[in-house]
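Everything below belongs to protein_7.txt, which stores compact mmCIF, C-alpha atoms and all ligand atoms.
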# COMPACT_ATOMS: atom_id res chain seq x y z
CA MET A 1 -5.19 102.00 38.37
CA LYS A 2 -4.99 98.38 39.43
CA ALA A 3 -5.47 95.29 37.28
CA ALA A 4 -5.88 91.62 38.27
CA TYR A 5 -3.85 89.39 35.97
CA TYR A 6 -4.59 85.72 35.49
CA GLY A 7 -1.21 84.03 35.13
CA GLY A 8 -2.10 80.33 34.78
CA ALA A 9 -4.09 77.89 36.91
CA GLU A 10 -5.09 79.29 40.31
CA THR A 11 -2.77 82.29 39.95
CA ILE A 12 -3.88 85.92 40.11
CA THR A 13 -1.42 88.75 40.50
CA ILE A 14 -2.30 92.39 41.06
CA GLY A 15 -0.46 94.84 38.84
CA GLU A 16 -1.03 98.07 37.01
CA SER A 17 -3.74 98.52 34.40
CA SER A 18 -2.00 98.97 31.05
CA ALA A 19 -4.52 101.68 30.12
CA ALA A 20 -3.87 101.66 26.37
CA ALA A 21 -4.94 104.88 24.65
CA PRO A 22 -8.16 104.13 22.75
CA GLY A 23 -7.58 103.59 19.03
CA ALA A 24 -10.00 104.50 16.26
CA GLY A 25 -13.49 103.25 17.11
CA GLU A 26 -12.53 102.44 20.70
CA VAL A 27 -13.24 103.91 24.12
CA ARG A 28 -11.41 103.65 27.41
CA ILE A 29 -13.65 103.00 30.39
CA ARG A 30 -13.03 103.56 34.06
CA VAL A 31 -14.45 100.26 35.35
CA SER A 32 -16.57 100.53 38.47
CA HIS A 33 -17.67 96.96 39.18
CA CYS A 34 -17.10 93.59 37.53
CA GLY A 35 -18.93 90.39 38.43
CA ILE A 36 -17.29 86.98 38.54
CA CYS A 37 -18.85 84.66 35.95
CA GLY A 38 -18.78 80.85 35.99
CA THR A 39 -16.60 81.14 32.90
CA ASP A 40 -14.08 83.24 34.83
CA LEU A 41 -13.91 80.49 37.47
CA HIS A 42 -13.33 77.98 34.70
CA ILE A 43 -10.43 80.12 33.41
CA PHE A 44 -9.06 80.46 36.97
CA HIS A 45 -8.99 76.67 37.17
CA GLY A 46 -6.77 76.57 34.07
CA LYS A 47 -9.42 74.96 31.86
CA MET A 48 -9.30 77.59 29.13
CA ASP A 49 -5.60 78.31 28.76
CA HIS A 50 -5.88 77.55 25.04
CA ARG A 51 -7.91 80.77 24.68
CA VAL A 52 -6.30 83.26 27.08
CA ARG A 53 -2.88 84.84 26.50
CA LEU A 54 -0.94 84.85 29.76
CA PRO A 55 -0.76 86.94 31.78
CA GLN A 56 -4.20 88.32 31.00
CA VAL A 57 -6.86 90.41 32.69
CA ILE A 58 -10.20 88.55 32.49
CA GLY A 59 -13.80 89.53 33.39
CA HIS A 60 -16.74 90.80 31.31
CA GLU A 61 -19.75 91.53 33.60
CA MET A 62 -19.05 95.17 34.24
CA SER A 63 -20.23 98.73 34.68
CA GLY A 64 -18.29 101.94 34.39
CA THR A 65 -17.82 105.41 32.95
CA ILE A 66 -16.32 106.43 29.62
CA GLU A 67 -13.01 108.14 30.32
CA ALA A 68 -11.50 108.69 26.83
CA LEU A 69 -12.66 108.28 23.23
CA GLY A 70 -10.69 107.25 20.17
CA GLU A 71 -11.14 108.74 16.72
CA GLY A 72 -14.47 108.30 14.96
CA VAL A 73 -16.52 107.36 18.02
CA ASP A 74 -19.91 109.03 17.61
CA GLY A 75 -22.77 109.27 20.05
CA TRP A 76 -20.71 108.87 23.21
CA SER A 77 -18.96 111.31 25.53
CA ALA A 78 -16.57 111.16 28.44
CA GLY A 79 -18.59 110.66 31.63
CA ASP A 80 -21.28 108.48 30.04
CA ARG A 81 -22.25 105.54 32.28
CA VAL A 82 -22.06 102.29 30.34
CA THR A 83 -21.93 98.54 30.30
CA VAL A 84 -20.31 96.43 27.59
CA ARG A 85 -21.76 93.62 25.47
CA PRO A 86 -18.49 91.71 25.31
CA LEU A 87 -18.76 90.23 21.82
CA ASP A 88 -16.49 91.04 18.90
CA PRO A 89 -17.81 89.23 15.79
CA CYS A 90 -15.91 89.07 12.50
CA GLY A 91 -18.78 90.49 10.45
CA GLU A 92 -17.95 88.35 7.42
CA CYS A 93 -18.64 84.68 8.16
CA PRO A 94 -21.91 82.98 7.11
CA ALA A 95 -23.30 83.31 10.67
CA CYS A 96 -22.57 87.06 10.74
CA LYS A 97 -23.99 87.50 7.24
CA ALA A 98 -27.14 85.70 8.36
CA GLY A 99 -27.47 88.28 11.17
CA HIS A 100 -26.33 85.92 13.93
CA THR A 101 -23.29 87.96 14.93
CA HIS A 102 -23.58 86.79 18.56
CA ILE A 103 -22.74 83.26 17.43
CA CYS A 104 -20.21 84.33 14.79
CA MET A 105 -18.09 81.39 13.68
CA LYS A 106 -14.94 83.32 14.63
CA LEU A 107 -16.46 85.12 17.61
CA LYS A 108 -14.00 86.82 19.93
CA PHE A 109 -15.35 87.00 23.44
CA ILE A 110 -13.93 90.12 25.07
CA GLY A 111 -12.51 89.19 28.48
CA ILE A 112 -11.54 85.69 27.33
CA ASP A 113 -10.01 86.00 23.86
CA THR A 114 -8.96 89.61 24.54
CA PRO A 115 -8.24 91.54 27.77
CA GLY A 116 -11.11 91.84 30.26
CA ALA A 117 -12.64 94.21 32.78
CA MET A 118 -11.03 93.19 36.08
CA GLN A 119 -9.01 96.41 36.03
CA GLY A 120 -9.45 100.10 36.69
CA LEU A 121 -9.17 101.15 33.05
CA TRP A 122 -10.33 99.05 30.11
CA THR A 123 -10.23 99.76 26.37
CA VAL A 124 -12.95 98.21 24.18
CA PRO A 125 -14.58 98.75 20.76
CA ALA A 126 -17.33 101.39 20.98
CA HIS A 127 -19.80 99.09 19.18
CA THR A 128 -20.02 97.04 22.39
CA LEU A 129 -21.42 99.89 24.52
CA HIS A 130 -24.86 100.12 26.09
CA ARG A 131 -25.93 103.15 28.10
CA LEU A 132 -26.80 102.72 31.78
CA PRO A 133 -29.68 104.96 32.91
CA ASP A 134 -29.20 106.99 36.10
CA ALA A 135 -31.80 104.80 37.79
CA LEU A 136 -29.28 101.96 37.83
CA SER A 137 -26.43 101.81 40.31
CA PHE A 138 -23.03 100.56 39.14
CA GLU A 139 -23.63 97.36 41.12
CA GLN A 140 -26.86 96.79 39.21
CA GLY A 141 -25.08 97.77 36.00
CA ALA A 142 -22.59 94.93 36.50
CA LEU A 143 -25.54 92.50 36.48
CA ILE A 144 -26.81 93.59 33.06
CA GLU A 145 -24.64 91.07 31.18
CA PRO A 146 -25.93 87.97 33.04
CA LEU A 147 -29.43 89.48 33.01
CA ALA A 148 -29.14 89.81 29.22
CA VAL A 149 -28.30 86.09 29.07
CA ALA A 150 -31.57 85.44 30.91
CA CYS A 151 -33.50 87.79 28.60
CA HIS A 152 -32.09 85.96 25.56
CA ASP A 153 -33.03 82.55 26.98
CA VAL A 154 -36.57 83.62 27.85
CA ARG A 155 -37.03 85.33 24.48
CA LEU A 156 -35.94 82.22 22.57
CA SER A 157 -38.25 80.07 24.73
CA GLU A 158 -41.25 82.10 23.45
CA LEU A 159 -42.70 81.88 26.95
CA ALA A 160 -46.22 83.35 26.95
CA PRO A 161 -48.06 84.87 29.95
CA GLY A 162 -49.59 82.15 32.12
CA GLU A 163 -47.25 79.45 30.85
CA PHE A 164 -45.48 77.13 33.25
CA ALA A 165 -41.68 77.00 33.22
CA VAL A 166 -39.20 74.78 35.05
CA VAL A 167 -35.69 76.10 35.64
CA GLN A 168 -33.17 73.32 36.31
CA GLY A 169 -30.35 74.99 38.24
CA GLY A 170 -30.87 77.92 40.62
CA GLY A 171 -27.46 79.61 40.42
CA PRO A 172 -27.11 83.23 39.24
CA ILE A 173 -28.20 82.57 35.64
CA GLY A 174 -31.02 80.19 36.63
CA LEU A 175 -32.34 82.65 39.18
CA LEU A 176 -32.18 85.52 36.69
CA ILE A 177 -34.04 83.38 34.12
CA ALA A 178 -36.69 82.69 36.76
CA LEU A 179 -37.02 86.43 37.48
CA VAL A 180 -37.26 87.36 33.78
CA ALA A 181 -39.73 84.52 33.10
CA ARG A 182 -41.90 85.67 35.99
CA ALA A 183 -41.74 89.27 34.77
CA ALA A 184 -42.97 87.96 31.40
CA GLY A 185 -46.02 86.50 33.14
CA GLY A 186 -44.77 82.92 33.47
CA ARG A 187 -45.29 80.61 36.43
CA VAL A 188 -41.90 79.27 37.53
CA LEU A 189 -40.64 76.23 39.42
CA ILE A 190 -36.93 76.03 40.26
CA SER A 191 -35.06 72.75 40.71
CA GLU A 192 -31.81 73.10 42.67
CA LEU A 193 -29.64 71.09 45.07
CA ASN A 194 -27.85 73.81 47.07
CA PRO A 195 -29.83 74.65 50.27
CA PHE A 196 -28.76 78.31 50.27
CA ARG A 197 -29.92 78.77 46.68
CA LEU A 198 -33.19 76.97 47.40
CA LYS A 199 -33.80 79.25 50.35
CA LEU A 200 -32.99 82.39 48.39
CA ALA A 201 -35.30 81.33 45.53
CA ARG A 202 -38.11 80.76 48.03
CA GLU A 203 -37.49 84.12 49.69
CA LEU A 204 -37.90 85.70 46.27
CA GLY A 205 -41.31 84.07 45.99
CA PHE A 206 -40.52 81.06 43.80
CA GLU A 207 -41.49 77.48 44.40
CA ALA A 208 -38.11 75.75 44.59
CA VAL A 209 -37.48 72.04 45.15
CA ASP A 210 -34.56 69.66 45.56
CA PRO A 211 -35.08 66.95 42.89
CA ARG A 212 -33.45 64.38 45.22
CA GLU A 213 -36.22 64.95 47.74
CA THR A 214 -39.18 65.86 45.55
CA ASP A 215 -40.44 63.85 42.58
CA LEU A 216 -40.00 66.61 40.00
CA VAL A 217 -42.13 64.95 37.31
CA ALA A 218 -45.03 64.43 39.73
CA CYS A 219 -44.66 67.97 41.04
CA VAL A 220 -44.79 69.51 37.54
CA ASN A 221 -47.74 67.34 36.53
CA GLU A 222 -49.58 68.34 39.68
CA ARG A 223 -49.03 72.05 38.96
CA THR A 224 -50.12 71.73 35.32
CA GLY A 225 -53.18 69.49 35.54
CA GLY A 226 -51.18 66.54 34.23
CA ALA A 227 -50.10 68.40 31.07
CA GLY A 228 -46.41 69.03 31.84
CA ALA A 229 -44.35 72.20 31.63
CA ASP A 230 -44.61 74.56 28.66
CA VAL A 231 -40.90 75.32 28.89
CA VAL A 232 -37.89 73.72 30.59
CA PHE A 233 -34.71 75.76 30.97
CA GLU A 234 -31.70 73.45 31.46
CA VAL A 235 -29.13 75.61 33.23
CA SER A 236 -27.41 73.09 35.51
CA GLY A 237 -25.17 71.30 33.01
CA VAL A 238 -25.24 67.95 34.84
CA ALA A 239 -26.08 64.58 33.24
CA ALA A 240 -28.98 63.90 35.63
CA ALA A 241 -30.67 67.11 34.48
CA ALA A 242 -30.14 66.27 30.80
CA GLU A 243 -31.95 63.03 31.52
CA MET A 244 -34.69 64.77 33.50
CA MET A 245 -35.37 67.56 31.01
CA THR A 246 -37.27 65.37 28.53
CA LYS A 247 -39.60 64.06 31.25
CA LEU A 248 -40.98 67.45 32.21
CA PRO A 249 -42.46 69.18 29.13
CA ARG A 250 -46.01 68.95 27.85
CA THR A 251 -46.70 67.71 24.33
CA ARG A 252 -45.00 70.16 21.97
CA GLY A 253 -43.26 71.72 24.99
CA ARG A 254 -39.91 73.49 24.58
CA ILE A 255 -36.56 72.73 26.17
CA VAL A 256 -33.98 75.51 26.19
CA VAL A 257 -30.40 74.37 26.76
CA VAL A 258 -28.49 77.21 28.39
CA ALA A 259 -25.87 75.13 30.24
CA ILE A 260 -22.44 74.52 28.75
CA TYR A 261 -21.98 70.75 28.49
CA SER A 262 -18.28 70.06 27.95
CA GLN A 263 -19.01 66.32 27.61
CA PRO A 264 -21.87 64.63 25.70
CA ALA A 265 -24.71 63.63 28.03
CA PRO A 266 -27.34 60.94 27.39
CA VAL A 267 -30.67 62.46 26.29
CA HIS A 268 -33.88 60.49 25.80
CA LEU A 269 -34.46 61.41 22.15
CA PHE A 270 -37.55 59.19 21.90
CA GLN A 271 -39.47 61.85 23.85
CA PHE A 272 -38.82 64.40 21.09
CA PHE A 273 -40.58 62.07 18.68
CA TRP A 274 -43.31 60.83 21.00
CA ARG A 275 -44.34 64.17 22.46
CA GLU A 276 -43.18 66.38 19.57
CA LEU A 277 -40.84 68.33 21.86
CA LYS A 278 -38.69 71.19 20.66
CA LEU A 279 -35.05 71.63 21.62
CA ILE A 280 -33.67 75.16 21.55
CA GLY A 281 -30.04 76.12 22.06
CA ALA A 282 -29.36 79.55 23.56
CA ARG A 283 -25.91 81.14 23.67
CA VAL A 284 -25.04 84.57 25.08
CA TYR A 285 -27.25 87.46 23.84
CA GLU A 286 -28.02 89.91 21.09
CA ALA A 287 -28.15 93.72 21.32
CA GLN A 288 -31.91 93.68 21.92
CA ASP A 289 -31.43 91.39 24.93
CA PHE A 290 -29.07 93.93 26.50
CA GLU A 291 -31.61 96.70 25.91
CA LYS A 292 -34.36 94.54 27.40
CA ALA A 293 -32.18 93.75 30.43
CA ILE A 294 -31.44 97.44 30.98
CA THR A 295 -35.14 98.38 30.69
CA LEU A 296 -36.21 95.60 33.05
CA ALA A 297 -33.53 96.45 35.62
CA ALA A 298 -34.32 100.18 35.45
CA GLU A 299 -38.00 99.51 36.18
CA GLY A 300 -36.78 98.53 39.63
CA THR A 301 -39.12 95.58 40.10
CA LEU A 302 -36.48 92.81 39.96
CA PRO A 303 -34.77 92.14 43.32
CA LEU A 304 -31.31 92.28 41.72
CA GLU A 305 -29.60 93.31 44.95
CA ARG A 306 -30.48 89.87 46.36
CA VAL A 307 -28.53 88.17 43.57
CA VAL A 308 -25.31 89.88 44.73
CA THR A 309 -24.02 88.08 47.81
CA ARG A 310 -20.64 89.82 48.15
CA VAL A 311 -18.74 92.86 46.92
CA LEU A 312 -14.94 92.73 47.23
CA PRO A 313 -12.03 95.03 46.31
CA LEU A 314 -10.18 93.91 43.16
CA GLU A 315 -7.15 92.86 45.21
CA GLU A 316 -9.26 90.05 46.68
CA LEU A 317 -10.17 88.41 43.39
CA THR A 318 -8.58 85.11 44.46
CA GLU A 319 -10.80 85.10 47.56
CA GLY A 320 -13.79 85.75 45.28
CA PHE A 321 -12.91 82.65 43.24
CA ARG A 322 -12.39 80.60 46.41
CA GLU A 323 -15.80 81.61 47.68
CA MET A 324 -17.41 80.58 44.40
CA GLU A 325 -15.61 77.22 44.58
CA ARG A 326 -16.97 76.60 48.05
CA GLY A 327 -20.40 77.13 46.51
CA GLY A 328 -22.18 77.24 49.87
CA GLU A 329 -23.63 80.71 50.24
CA ALA A 330 -22.42 82.40 47.07
CA MET A 331 -24.49 83.75 44.22
CA LYS A 332 -23.02 86.68 42.29
CA ILE A 333 -19.78 88.16 43.61
CA LEU A 334 -18.80 91.63 42.39
CA MET A 335 -15.33 93.15 42.37
CA ARG A 336 -14.76 96.89 42.86
CA CYS A 337 -12.27 97.74 40.14
CA SER A 338 -11.35 101.41 40.52
CA GLU A 339 -10.79 102.51 44.07
ZN ZN A 401 -20.77 86.01 32.14
ZN ZN A 402 -18.56 86.13 11.94
Rewritten as structure tokens:
Amino acid sequence: MKAAYYGGAETITIGESSAAAPGAGEVRIRVSHCGICGTDLHIFHGKMDHRVRLPQVIGHEMSGTIEALGEGVDGWSAGDRVTVRPLDPCGECPACKAGHTHICMKLKFIGIDTPGAMQGLWTVPAHTLHRLPDALSFEQGALIEPLAVACHDVRLSELAPGEFAVVQGGGPIGLLIALVARAAGGRVLISELNPFRLKLARELGFEAVDPRETDLVACVNERTGGAGADVVFEVSGVAAAAEMMTKLPRTRGRIVVVAIYSQPAPVHLFQFFWRELKLIGARVYEAQDFEKAITLAAEGTLPLERVVTRVLPLEELTEGFREMERGGEAMKILMRCSE
């Protein structure tokens, strides 16, 4: 079985999967597909070398089949189709004790802090497993992790049916948030710069605008009778959007920050006072978000296949990263990991 090893900035080498025998409480999975995440691209660019141990297999948006079980693993059998919730919390810190294990203060993210899924065989703790129903293909299964991010974001937003939401940033996560918000009965407007992503969002039935061409504030006010948006999802991570996000909500509207800002960005805090806005941070997902994502995907009403723009063999992982860098026509790129 092959494995794609990250060996430092811009370097991927293809080698053999180490295929460690699963220890107690672990399973070994034959990985079918693994999606490339924005975080993986960040690692590829050498921006996270303080967290990875070189050379290391990365990747965490996967689907596959259980191939071997370690001691003490109950409720699972070889042949079960699964995806992995790639979080390994410590279980003992104040965050874990408060029940917030997904934002554990010593959280290990599997595929960054420990070996990832861009390989034919992958060994992980069994507590990370979620079952994939037969209704889902392995390609769809590899989208459950990013879809669970979207489910978490929409859940924390408390979006109610009929409410109006703006999604700033129409990449894979933004588009999935839009789809989940719409499935929850929300009305959704997407703000995005990339023409391909705008077009795709429109083809999926969303109103999508380029904020350089359309006055976003006027547009939202027009759609909401002058009230403003009930919810703004900030997914883009750019300073202009951090500035824009406080201009869009209604009084007591909610802003959910999903984007990872590596640098502080100016935010108009006066608006939080003046309009009694709420700011909500949303990071990764909890078990219930994975279950929700699996249920939603299995219903078959989300056009998930449109989110995947390319499927490549594992050997072409570097090309996958290059295509993401070019940005142009890429949404989610999946790697086939066990051929
Ligand atoms: Zn991801
Ligand atoms: Zn913890």
Got a sec to check which residues lie within 12 Å of ligand ZN 402 (chain A), using only C-alpha atoms and all ligand atoms, and send them as a ChimeraX atom specification? /A:87-109
So which residues touch segment 275-286 of chain A within 9 Å, counting only C-alpha atoms, skipping near sequence neighbours fewer than 4 positions away, as a PyMOL selection string? chain A and resi 85+100-103+145-146+148-153+156-157+246+249-259+270-271+290
Residue among A:Glu222, A:Glu192, A:Glu339, A:Glu207 lying closest to Val235 of chain A, counting only C-alpha atoms: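 Residue with the minimum atom-to-atom distance to Val235 of chain A: A:Glu192.
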List all protein, DNA and RNA residues that have any atom at most 7 Å from ligand ZN 401 (chain A), counting all atoms listed in the file, and write the list as a PDB file with C-alpha atoms, in the frame of the given file.
ATOM      1  CA  CYS A  37     -18.850  84.660  35.950  1.00  0.00           C
ATOM      2  CA  GLY A  38     -18.780  80.850  35.990  1.00  0.00           C
ATOM      3  CA  THR A  39     -16.600  81.140  32.900  1.00  0.00           C
ATOM      4  CA  HIS A  60     -16.740  90.800  31.310  1.00  0.00           C
ATOM      5  CA  GLU A  61     -19.750  91.530  33.600  1.00  0.00           C
ATOM      6  CA  GLU A 145     -24.640  91.070  31.180  1.00  0.00           C
ATOM      7  CA  PRO A 146     -25.930  87.970  33.040  1.00  0.00           C
TER       8      PRO A 146
END
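If all atoms listed in the file are the atoms counted, then among A:Gln119, A:Lys332, A:Glu158, A:Phe164 the closest residue to Gly225 of chain A is A:Phe164.
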Residues within 12 Å of (-20.2, 74.3, 45.9), file coordinates, counting only C-alpha atoms: what are they? Give the list as a ChimeraX atom specification. /A:38,171,193-197,321-331
Counting all atoms listed in the file, figure out which residue out of A:Thr114, A:Thr318, A:Thr309, A:Phe233 gets nearest to Ala9 of chain A.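 Ranking A:Thr114, A:Thr318, A:Thr309, A:Phe233 by distance to Ala9 of chain A, first place goes to A:Thr318.
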Using all atoms listed in the file, can you tell me which of A:Ala229, A:Leu159, A:Ile260, A:Val308 comes closest to Ala142 of chain A?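 For Ala142 of chain A, the nearest of the candidates is A:Val308.
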Skip Ala78 of chain A itself and residues of its chain fewer than 2 positions away, then list as a ChimeraX atom specification all residues within 9 Å of it, counting all atoms listed in the file. /A:29,65-69,76,80-81
With a distance cut-off of 6 Å and all atoms listed in the file, select the neighbouring residues of Gly120 of chain A, excluding the residue or stretch itself and same-chain residues fewer than 2 positions from it, and output the selection as an mmCIF file with C-alpha atoms, in the coordinates of the input.
data_model
loop_
_atom_site.group_PDB
_atom_site.id
_atom_site.type_symbol
_atom_site.label_atom_id
_atom_site.label_comp_id
_atom_site.auth_asym_id
_atom_site.auth_seq_id
_atom_site.Cartn_x
_atom_site.Cartn_y
_atom_site.Cartn_z
ATOM 1 C CA MET A 1 -5.190 102.000 38.370
ATOM 2 C CA LYS A 2 -4.990 98.380 39.430
ATOM 3 C CA ARG A 30 -13.030 103.560 34.060
ATOM 4 C CA VAL A 31 -14.450 100.260 35.350
ATOM 5 C CA CYS A 337 -12.270 97.740 40.140
ATOM 6 C CA SER A 338 -11.350 101.410 40.520
#
Would you mind reading off the distance between atom CA of Phe138 of chain A and atom CA of Ile333 of chain A, one decimal, in Å? 13.6 Å
Counting all atoms listed in the file, the residue of A:Ala240, A:Ala218, A:Val209, A:Leu302 that sits nearest Ala183 of chain A: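 Under the stated criterion, the closest residue is A:Leu302.
With all atoms listed in the file as the atoms that count, the minimum distance from Leu304 of chain A to the choices A:Leu147, A:Cys34, A:Cys219, A:Met245 is reached by A:Leu147.
Between atom CA of Ala242 of chain A and atom CA of Val267 of chain A the separation is 5.9 Å.
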State, in Å with one decimal place, the distance from atom CA of Leu334 of chain A to atom CA of Leu143 of chain A. 9.0 Å
